[in-house]
$ cat work.txt   # compact mmCIF, N, CA, C and O atoms
# COMPACT_ATOMS: atom_id res chain seq x y z
N MET A 1 -16.57 8.26 -18.68
CA MET A 1 -15.50 9.22 -18.85
C MET A 1 -14.85 8.96 -20.21
O MET A 1 -14.48 7.83 -20.52
N GLU A 2 -14.73 10.00 -20.99
CA GLU A 2 -14.04 9.89 -22.27
C GLU A 2 -12.54 9.86 -22.01
O GLU A 2 -12.01 10.65 -21.22
N LEU A 3 -11.83 8.93 -22.66
CA LEU A 3 -10.41 8.75 -22.42
C LEU A 3 -9.58 9.47 -23.46
O LEU A 3 -9.86 9.41 -24.65
N LYS A 4 -8.54 10.14 -23.00
CA LYS A 4 -7.60 10.82 -23.89
C LYS A 4 -6.25 10.08 -23.91
O LYS A 4 -5.60 10.01 -24.94
N TYR A 5 -5.84 9.54 -22.76
CA TYR A 5 -4.50 8.97 -22.63
C TYR A 5 -4.46 7.46 -22.45
O TYR A 5 -3.49 6.82 -22.85
N LEU A 6 -5.45 6.86 -21.84
CA LEU A 6 -5.32 5.47 -21.41
C LEU A 6 -6.25 4.50 -22.14
O LEU A 6 -6.71 3.51 -21.58
N GLN A 7 -6.49 4.75 -23.41
CA GLN A 7 -7.33 3.86 -24.20
C GLN A 7 -6.75 2.45 -24.25
O GLN A 7 -7.48 1.47 -24.19
N LYS A 8 -5.43 2.31 -24.35
CA LYS A 8 -4.82 0.98 -24.41
C LYS A 8 -5.05 0.20 -23.13
O LYS A 8 -5.23 -1.02 -23.17
N LEU A 9 -5.04 0.88 -21.98
CA LEU A 9 -5.35 0.19 -20.73
C LEU A 9 -6.80 -0.30 -20.74
O LEU A 9 -7.09 -1.42 -20.35
N LYS A 10 -7.70 0.53 -21.22
CA LYS A 10 -9.11 0.13 -21.31
C LYS A 10 -9.27 -1.07 -22.25
O LYS A 10 -10.03 -1.99 -21.97
N ASP A 11 -8.52 -1.06 -23.35
CA ASP A 11 -8.62 -2.13 -24.34
C ASP A 11 -7.97 -3.43 -23.88
O ASP A 11 -8.16 -4.47 -24.50
N ASN A 12 -7.16 -3.37 -22.83
CA ASN A 12 -6.45 -4.54 -22.31
C ASN A 12 -6.70 -4.67 -20.81
O ASN A 12 -5.79 -4.49 -20.01
N PRO A 13 -7.91 -5.02 -20.41
CA PRO A 13 -8.26 -5.03 -18.98
C PRO A 13 -7.64 -6.17 -18.18
O PRO A 13 -7.79 -6.21 -16.98
N SER A 14 -6.92 -7.06 -18.83
CA SER A 14 -6.30 -8.18 -18.11
C SER A 14 -4.79 -8.21 -18.37
O SER A 14 -4.25 -9.19 -18.87
N LEU A 15 -4.11 -7.11 -18.04
CA LEU A 15 -2.66 -7.07 -18.23
C LEU A 15 -1.99 -8.17 -17.41
O LEU A 15 -1.02 -8.77 -17.83
N ASN A 16 -2.49 -8.40 -16.22
CA ASN A 16 -2.07 -9.50 -15.38
C ASN A 16 -3.17 -10.55 -15.48
O ASN A 16 -4.30 -10.27 -15.09
N PRO A 17 -2.88 -11.73 -16.00
CA PRO A 17 -3.94 -12.72 -16.23
C PRO A 17 -4.73 -13.10 -14.97
O PRO A 17 -5.87 -13.54 -15.06
N ARG A 18 -4.16 -12.90 -13.80
CA ARG A 18 -4.84 -13.25 -12.55
C ARG A 18 -5.71 -12.12 -12.03
O ARG A 18 -6.52 -12.32 -11.14
N ILE A 19 -5.54 -10.90 -12.55
CA ILE A 19 -6.25 -9.74 -12.03
C ILE A 19 -6.87 -8.95 -13.16
O ILE A 19 -6.17 -8.48 -14.06
N LYS A 20 -8.16 -8.80 -13.14
CA LYS A 20 -8.84 -7.94 -14.11
C LYS A 20 -9.00 -6.55 -13.49
O LYS A 20 -9.38 -6.42 -12.33
N ILE A 21 -8.68 -5.51 -14.25
CA ILE A 21 -8.75 -4.16 -13.70
C ILE A 21 -10.18 -3.80 -13.30
O ILE A 21 -11.13 -4.28 -13.89
N GLU A 22 -10.26 -2.96 -12.29
CA GLU A 22 -11.55 -2.46 -11.81
C GLU A 22 -11.35 -1.02 -11.37
O GLU A 22 -10.43 -0.72 -10.61
N GLY A 23 -12.18 -0.13 -11.86
CA GLY A 23 -11.99 1.30 -11.60
C GLY A 23 -12.93 1.89 -10.58
O GLY A 23 -13.88 1.26 -10.13
N LEU A 24 -12.63 3.13 -10.24
CA LEU A 24 -13.48 3.92 -9.35
C LEU A 24 -14.50 4.68 -10.18
O LEU A 24 -14.25 5.03 -11.33
N GLY A 25 -15.63 4.97 -9.59
CA GLY A 25 -16.64 5.78 -10.26
C GLY A 25 -16.24 7.26 -10.23
O GLY A 25 -15.39 7.68 -9.45
N LYS A 26 -16.87 8.03 -11.09
CA LYS A 26 -16.58 9.47 -11.16
C LYS A 26 -16.84 10.15 -9.82
O LYS A 26 -16.08 11.03 -9.41
N ASP A 27 -17.90 9.74 -9.13
CA ASP A 27 -18.22 10.34 -7.83
C ASP A 27 -17.11 10.09 -6.81
O ASP A 27 -16.74 10.98 -6.05
N LYS A 28 -16.57 8.88 -6.79
CA LYS A 28 -15.49 8.55 -5.85
C LYS A 28 -14.23 9.34 -6.19
O LYS A 28 -13.53 9.82 -5.29
N ILE A 29 -13.94 9.52 -7.47
CA ILE A 29 -12.76 10.30 -7.88
C ILE A 29 -12.94 11.74 -7.42
O ILE A 29 -12.02 12.34 -6.86
N GLN A 30 -14.13 12.30 -7.61
CA GLN A 30 -14.40 13.67 -7.17
C GLN A 30 -14.30 13.78 -5.65
O GLN A 30 -13.82 14.79 -5.13
N GLU A 31 -14.74 12.76 -4.94
CA GLU A 31 -14.63 12.74 -3.49
C GLU A 31 -13.16 12.77 -3.06
O GLU A 31 -12.78 13.50 -2.14
N LEU A 32 -12.32 11.98 -3.73
CA LEU A 32 -10.88 11.98 -3.42
C LEU A 32 -10.26 13.34 -3.72
O LEU A 32 -9.44 13.84 -2.94
N GLU A 33 -10.65 13.94 -4.83
CA GLU A 33 -10.13 15.27 -5.19
C GLU A 33 -10.54 16.30 -4.15
O GLU A 33 -9.73 17.15 -3.76
N SER A 34 -11.77 16.21 -3.71
CA SER A 34 -12.26 17.15 -2.71
C SER A 34 -11.52 16.98 -1.38
O SER A 34 -11.11 17.96 -0.76
N HIS A 35 -11.33 15.73 -0.99
CA HIS A 35 -10.70 15.44 0.30
C HIS A 35 -9.19 15.71 0.31
O HIS A 35 -8.66 16.24 1.28
N TYR A 36 -8.51 15.34 -0.75
CA TYR A 36 -7.04 15.40 -0.76
C TYR A 36 -6.46 16.54 -1.60
O TYR A 36 -5.27 16.82 -1.51
N ASN A 37 -7.26 17.17 -2.45
CA ASN A 37 -6.70 18.14 -3.38
C ASN A 37 -7.49 19.45 -3.39
O ASN A 37 -7.54 20.14 -4.40
N ARG A 38 -8.12 19.76 -2.27
CA ARG A 38 -8.88 21.00 -2.12
C ARG A 38 -9.90 21.21 -3.23
O ARG A 38 -10.18 22.33 -3.64
N GLY A 39 -10.42 20.11 -3.77
CA GLY A 39 -11.43 20.20 -4.81
C GLY A 39 -10.89 20.37 -6.22
O GLY A 39 -11.64 20.30 -7.18
N ASP A 40 -9.59 20.62 -6.34
CA ASP A 40 -8.99 20.71 -7.67
C ASP A 40 -8.91 19.32 -8.29
O ASP A 40 -8.66 18.33 -7.61
N LYS A 41 -9.07 19.26 -9.60
CA LYS A 41 -8.99 17.97 -10.29
C LYS A 41 -7.56 17.46 -10.30
O LYS A 41 -6.60 18.24 -10.39
N PHE A 42 -7.42 16.13 -10.23
CA PHE A 42 -6.13 15.49 -10.42
C PHE A 42 -5.75 15.65 -11.90
O PHE A 42 -6.62 15.93 -12.74
N PRO A 43 -4.49 15.45 -12.25
CA PRO A 43 -4.12 15.45 -13.67
C PRO A 43 -4.99 14.45 -14.44
O PRO A 43 -5.35 13.39 -13.91
N LEU A 44 -5.31 14.79 -15.67
CA LEU A 44 -6.24 14.00 -16.46
C LEU A 44 -5.81 12.54 -16.60
O LEU A 44 -6.63 11.62 -16.44
N ALA A 45 -4.56 12.27 -16.86
CA ALA A 45 -4.11 10.89 -17.03
C ALA A 45 -4.31 10.10 -15.74
O ALA A 45 -4.69 8.92 -15.77
N PHE A 46 -4.11 10.73 -14.58
CA PHE A 46 -4.31 10.04 -13.32
C PHE A 46 -5.80 9.83 -13.05
O PHE A 46 -6.20 8.77 -12.56
N ARG A 47 -6.63 10.79 -13.41
CA ARG A 47 -8.09 10.62 -13.27
C ARG A 47 -8.55 9.43 -14.12
O ARG A 47 -9.35 8.60 -13.68
N GLU A 48 -8.02 9.32 -15.33
CA GLU A 48 -8.36 8.20 -16.20
C GLU A 48 -7.90 6.89 -15.59
O GLU A 48 -8.62 5.89 -15.62
N TYR A 49 -6.71 6.88 -15.02
CA TYR A 49 -6.19 5.68 -14.39
C TYR A 49 -7.09 5.25 -13.23
O TYR A 49 -7.44 4.08 -13.11
N LEU A 50 -7.47 6.19 -12.37
CA LEU A 50 -8.36 5.86 -11.26
C LEU A 50 -9.70 5.34 -11.78
O LEU A 50 -10.27 4.40 -11.23
N PHE A 51 -10.19 5.94 -12.84
CA PHE A 51 -11.47 5.53 -13.43
C PHE A 51 -11.41 4.10 -13.96
O PHE A 51 -12.34 3.32 -13.80
N LEU A 52 -10.28 3.74 -14.57
CA LEU A 52 -10.14 2.40 -15.15
C LEU A 52 -9.65 1.36 -14.15
O LEU A 52 -10.06 0.20 -14.21
N ALA A 53 -8.75 1.76 -13.25
CA ALA A 53 -8.05 0.76 -12.43
C ALA A 53 -7.79 1.23 -11.00
O ALA A 53 -6.84 0.77 -10.36
N GLY A 54 -8.61 2.11 -10.47
CA GLY A 54 -8.38 2.65 -9.14
C GLY A 54 -8.68 1.70 -8.00
O GLY A 54 -8.24 1.91 -6.88
N ILE A 55 -9.43 0.65 -8.25
CA ILE A 55 -9.71 -0.34 -7.21
C ILE A 55 -8.77 -1.52 -7.35
O ILE A 55 -8.13 -1.95 -6.40
N ARG A 56 -8.67 -2.04 -8.54
CA ARG A 56 -7.80 -3.19 -8.81
C ARG A 56 -7.13 -2.94 -10.14
O ARG A 56 -7.80 -2.77 -11.15
N SER A 57 -5.79 -2.91 -10.13
CA SER A 57 -5.12 -2.49 -11.35
C SER A 57 -4.41 -3.60 -12.10
O SER A 57 -4.33 -3.57 -13.31
N GLY A 58 -3.80 -4.54 -11.41
CA GLY A 58 -2.99 -5.53 -12.11
C GLY A 58 -1.72 -4.94 -12.66
O GLY A 58 -0.94 -5.60 -13.31
N THR A 59 -1.50 -3.65 -12.42
CA THR A 59 -0.31 -2.97 -12.92
C THR A 59 0.69 -2.69 -11.80
O THR A 59 1.81 -2.28 -12.07
N GLY A 60 0.27 -2.88 -10.56
CA GLY A 60 1.17 -2.64 -9.43
C GLY A 60 1.33 -1.18 -9.09
O GLY A 60 2.25 -0.81 -8.37
N VAL A 61 0.44 -0.32 -9.57
CA VAL A 61 0.62 1.11 -9.35
C VAL A 61 -0.20 1.66 -8.18
O VAL A 61 0.32 2.43 -7.40
N VAL A 62 -1.43 1.28 -8.03
CA VAL A 62 -2.28 1.92 -7.02
C VAL A 62 -2.55 0.98 -5.85
O VAL A 62 -2.95 -0.15 -6.03
N ASP A 63 -2.31 1.48 -4.65
CA ASP A 63 -2.74 0.83 -3.41
C ASP A 63 -3.93 1.64 -2.96
O ASP A 63 -3.77 2.77 -2.50
N ASN A 64 -5.14 1.13 -3.10
CA ASN A 64 -6.31 1.98 -2.94
C ASN A 64 -6.79 2.19 -1.51
O ASN A 64 -7.87 2.71 -1.30
N ASP A 65 -6.00 1.86 -0.50
CA ASP A 65 -6.35 2.26 0.86
C ASP A 65 -5.75 3.65 1.09
O ASP A 65 -4.77 3.82 1.80
N PHE A 66 -6.34 4.64 0.44
CA PHE A 66 -5.75 5.97 0.38
C PHE A 66 -5.63 6.63 1.75
O PHE A 66 -4.65 7.33 2.01
N GLU A 67 -6.59 6.40 2.62
CA GLU A 67 -6.54 7.02 3.95
C GLU A 67 -5.38 6.45 4.77
O GLU A 67 -4.63 7.20 5.41
N GLU A 68 -5.20 5.14 4.74
CA GLU A 68 -4.08 4.53 5.47
C GLU A 68 -2.74 4.99 4.89
O GLU A 68 -1.80 5.30 5.64
N LEU A 69 -2.64 5.05 3.57
CA LEU A 69 -1.41 5.53 2.95
C LEU A 69 -1.11 6.95 3.40
O LEU A 69 0.04 7.29 3.72
N ARG A 70 -2.12 7.79 3.41
CA ARG A 70 -1.94 9.20 3.80
C ARG A 70 -1.48 9.30 5.25
O ARG A 70 -0.55 10.05 5.57
N GLU A 71 -2.13 8.55 6.14
CA GLU A 71 -1.76 8.59 7.56
C GLU A 71 -0.33 8.11 7.76
O GLU A 71 0.44 8.73 8.51
N ASP A 72 0.04 7.01 7.11
CA ASP A 72 1.41 6.51 7.24
C ASP A 72 2.42 7.50 6.68
O ASP A 72 3.50 7.70 7.24
N CYS A 73 2.07 8.15 5.58
CA CYS A 73 2.95 9.14 4.97
C CYS A 73 3.13 10.34 5.91
O CYS A 73 4.25 10.81 6.11
N GLU A 74 2.03 10.83 6.48
CA GLU A 74 2.13 11.96 7.40
C GLU A 74 2.98 11.62 8.61
O GLU A 74 3.78 12.45 9.06
N GLU A 75 2.86 10.41 9.10
CA GLU A 75 3.68 9.97 10.22
C GLU A 75 5.16 9.94 9.83
O GLU A 75 6.03 10.40 10.58
N SER A 76 5.45 9.43 8.64
CA SER A 76 6.83 9.39 8.17
C SER A 76 7.40 10.80 7.97
O SER A 76 8.54 11.07 8.33
N LEU A 77 6.59 11.68 7.41
CA LEU A 77 7.04 13.06 7.23
C LEU A 77 7.32 13.72 8.57
O LEU A 77 8.34 14.40 8.74
N GLU A 78 6.43 13.50 9.52
CA GLU A 78 6.61 14.08 10.86
C GLU A 78 7.88 13.55 11.53
O GLU A 78 8.64 14.31 12.13
N ASN A 79 8.12 12.25 11.39
CA ASN A 79 9.33 11.65 11.98
C ASN A 79 10.60 12.22 11.38
O ASN A 79 11.64 12.26 12.04
N CYS A 80 10.52 12.67 10.14
CA CYS A 80 11.69 13.25 9.46
C CYS A 80 11.75 14.77 9.63
O CYS A 80 12.69 15.40 9.16
N GLY A 81 10.75 15.36 10.27
CA GLY A 81 10.73 16.80 10.49
C GLY A 81 10.25 17.60 9.29
O GLY A 81 10.50 18.79 9.20
N TYR A 82 9.55 16.95 8.36
CA TYR A 82 9.04 17.63 7.18
C TYR A 82 7.55 17.93 7.33
O TYR A 82 6.84 17.21 8.01
N THR A 83 7.10 18.96 6.66
CA THR A 83 5.68 19.24 6.56
C THR A 83 5.35 19.58 5.11
O THR A 83 6.20 20.08 4.38
N MET A 84 4.13 19.27 4.72
CA MET A 84 3.67 19.60 3.36
C MET A 84 2.61 20.66 3.51
O MET A 84 1.60 20.45 4.16
N ASN A 85 2.84 21.82 2.92
CA ASN A 85 1.91 22.94 3.02
C ASN A 85 1.01 23.07 1.81
O ASN A 85 0.30 24.06 1.68
N ARG A 86 1.07 22.12 0.94
CA ARG A 86 0.22 22.14 -0.25
C ARG A 86 -0.48 20.80 -0.34
O ARG A 86 -0.07 19.83 0.30
N PRO A 87 -1.54 20.70 -1.11
CA PRO A 87 -2.23 19.42 -1.21
C PRO A 87 -1.34 18.36 -1.86
O PRO A 87 -0.56 18.67 -2.76
N TYR A 88 -1.46 17.16 -1.38
CA TYR A 88 -0.78 16.03 -2.02
C TYR A 88 -1.62 14.78 -1.82
O TYR A 88 -2.40 14.69 -0.88
N PHE A 89 -1.46 13.85 -2.71
CA PHE A 89 -2.25 12.63 -2.70
C PHE A 89 -1.31 11.45 -2.79
O PHE A 89 -0.57 11.30 -3.75
N VAL A 90 -1.30 10.63 -1.77
CA VAL A 90 -0.45 9.44 -1.74
C VAL A 90 -1.23 8.29 -2.33
O VAL A 90 -2.32 7.97 -1.86
N PHE A 91 -0.69 7.67 -3.37
CA PHE A 91 -1.44 6.59 -4.00
C PHE A 91 -0.69 5.27 -4.07
O PHE A 91 -1.23 4.27 -4.53
N ASP A 92 0.54 5.25 -3.59
CA ASP A 92 1.27 3.98 -3.61
C ASP A 92 2.46 4.08 -2.69
O ASP A 92 2.82 5.16 -2.21
N ARG A 93 3.06 2.95 -2.43
CA ARG A 93 4.26 2.89 -1.60
C ARG A 93 5.32 2.07 -2.33
O ARG A 93 5.01 1.22 -3.13
N LEU A 94 6.56 2.33 -2.01
CA LEU A 94 7.67 1.60 -2.58
C LEU A 94 8.52 1.09 -1.44
O LEU A 94 9.12 1.89 -0.71
N ASP A 95 8.56 -0.20 -1.23
CA ASP A 95 9.37 -0.81 -0.17
C ASP A 95 9.11 -0.16 1.18
O ASP A 95 10.05 0.16 1.91
N SER A 96 7.85 0.06 1.51
CA SER A 96 7.43 0.67 2.78
C SER A 96 7.93 2.10 2.95
O SER A 96 7.87 2.66 4.03
N ILE A 97 8.43 2.69 1.88
CA ILE A 97 8.83 4.11 1.90
C ILE A 97 7.94 4.81 0.89
O ILE A 97 7.92 4.47 -0.27
N TYR A 98 7.18 5.79 1.33
CA TYR A 98 6.27 6.49 0.44
C TYR A 98 7.07 7.44 -0.42
O TYR A 98 7.79 8.30 0.07
N SER A 99 6.94 7.29 -1.70
CA SER A 99 7.78 8.08 -2.57
C SER A 99 7.03 8.72 -3.73
O SER A 99 7.63 9.42 -4.51
N ILE A 100 5.76 8.44 -3.87
CA ILE A 100 5.02 8.96 -5.00
C ILE A 100 3.85 9.78 -4.46
O ILE A 100 2.98 9.25 -3.79
N PHE A 101 3.85 11.06 -4.74
CA PHE A 101 2.82 11.94 -4.21
C PHE A 101 2.17 12.73 -5.33
O PHE A 101 2.80 13.07 -6.31
N PHE A 102 0.88 13.02 -5.16
CA PHE A 102 0.19 14.00 -5.99
C PHE A 102 -0.33 15.06 -5.09
O PHE A 102 -0.83 14.81 -4.03
$ encode --input "work.txt" --output "structure tokens"
Amino acid sequence: MELKYLQKLKDNPSLNPRIKIEGLGKDKIQELESHYNRGDKFPLAFREYLFLAGIRSGTGVVDNDFEELREDCEESLENCGYTMNRPYFVFDRLDSIYSIFF
């Protein structure tokens, strides 16, 4: 994948000295887009991030158990009486409260 936004992340694969970044393949990214975003592509910067660091980031941004995150988020939304009628992709949690959606 040609990078437009995250070249510095690619050039610095060990932002955290204990964790080297590891990315998802293009096929896995397309699978996630198909499953969670009705086949529409994620924003380019996020696609690049998943490509470079979607499995292991060292940046603290992605929790890659996407299915578990989605299920927990749907349960939380249901408990609050909310529904999402458009595609969204949960990729991280903050203090056990899901707050970042695509």
$ atom_distance --input "work.txt" --atom1 "atom C of Phe46 (chain A)" --atom2 "atom O of Pro17 (chain A)"
23.5 Å
$ atom_distance --input "work.txt" --atom1 "CA of Thr83 (chain A)" --atom2 "CA of Arg38 (chain A)"
17.0 Å
$ residues_around --input "work.txt" --residues "Leu44 (chain A)" --least-positions-apart "4" --cutoff "8 Å" --atoms "only N, CA, C and O atoms" --output "ChimeraX atom specification"
/A:2-6,48-51
$ closest_residue --input "work.txt" --among "A:Gln30, A:Gln7, A:Asn16, A:Asn37" --to "Pro87 (chain A)" --atoms "all atoms listed in the file"
A:Asn37
$ select_by_dssp --input "work.txt" --residues "chain A" --states "strand (DSSP E)" --output "list in words"
Val90, Phe91, Asp92, Arg93, Leu94, Ile97, Tyr98, Ser99, Ile100 and Phe101 of chain A
$ atom_distance --input "work.txt" --atom1 "CA of Asp92 (chain A)" --atom2 "CA of Asp40 (chain A)"
20.0 Å
$ closest_residue --input "work.txt" --among "A:Glu31, A:Leu15, A:Lys26, A:Arg93" --to "Asp65 (chain A)" --atoms "only C-alpha atoms"
A:Arg93
$ residues_around --input "work.txt" --residues "His35 (chain A)" --least-positions-apart "6" --cutoff "8 Å" --atoms "only N, CA, C and O atoms" --output "list in words"
Lys28, Ile29, Pro87 and Tyr88 of chain A
$ write_last_selection --input "work.txt" --atoms "N, CA, C and O atoms" --output "CSV table (one decimal), in the frame of the given file"
chain,number,residue,atom,x,y,z
A,28,LYS,N,-16.6,8.9,-6.8
A,28,LYS,CA,-15.5,8.6,-5.8
A,28,LYS,C,-14.2,9.3,-6.2
A,28,LYS,O,-13.5,9.8,-5.3
A,29,ILE,N,-13.9,9.5,-7.5
A,29,ILE,CA,-12.8,10.3,-7.9
A,29,ILE,C,-12.9,11.7,-7.4
A,29,ILE,O,-12.0,12.3,-6.9
A,87,PRO,N,-1.5,20.7,-1.1
A,87,PRO,CA,-2.2,19.4,-1.2
A,87,PRO,C,-1.3,18.4,-1.9
A,87,PRO,O,-0.6,18.7,-2.8
A,88,TYR,N,-1.5,17.2,-1.4
A,88,TYR,CA,-0.8,16.0,-2.0
A,88,TYR,C,-1.6,14.8,-1.8
A,88,TYR,O,-2.4,14.7,-0.9
$ closest_residue --input "work.txt" --among "A:Met1, A:Ile21, A:Leu32, A:Leu9" --to "Phe89 (chain A)" --atoms "all atoms listed in the file"
A:Leu32
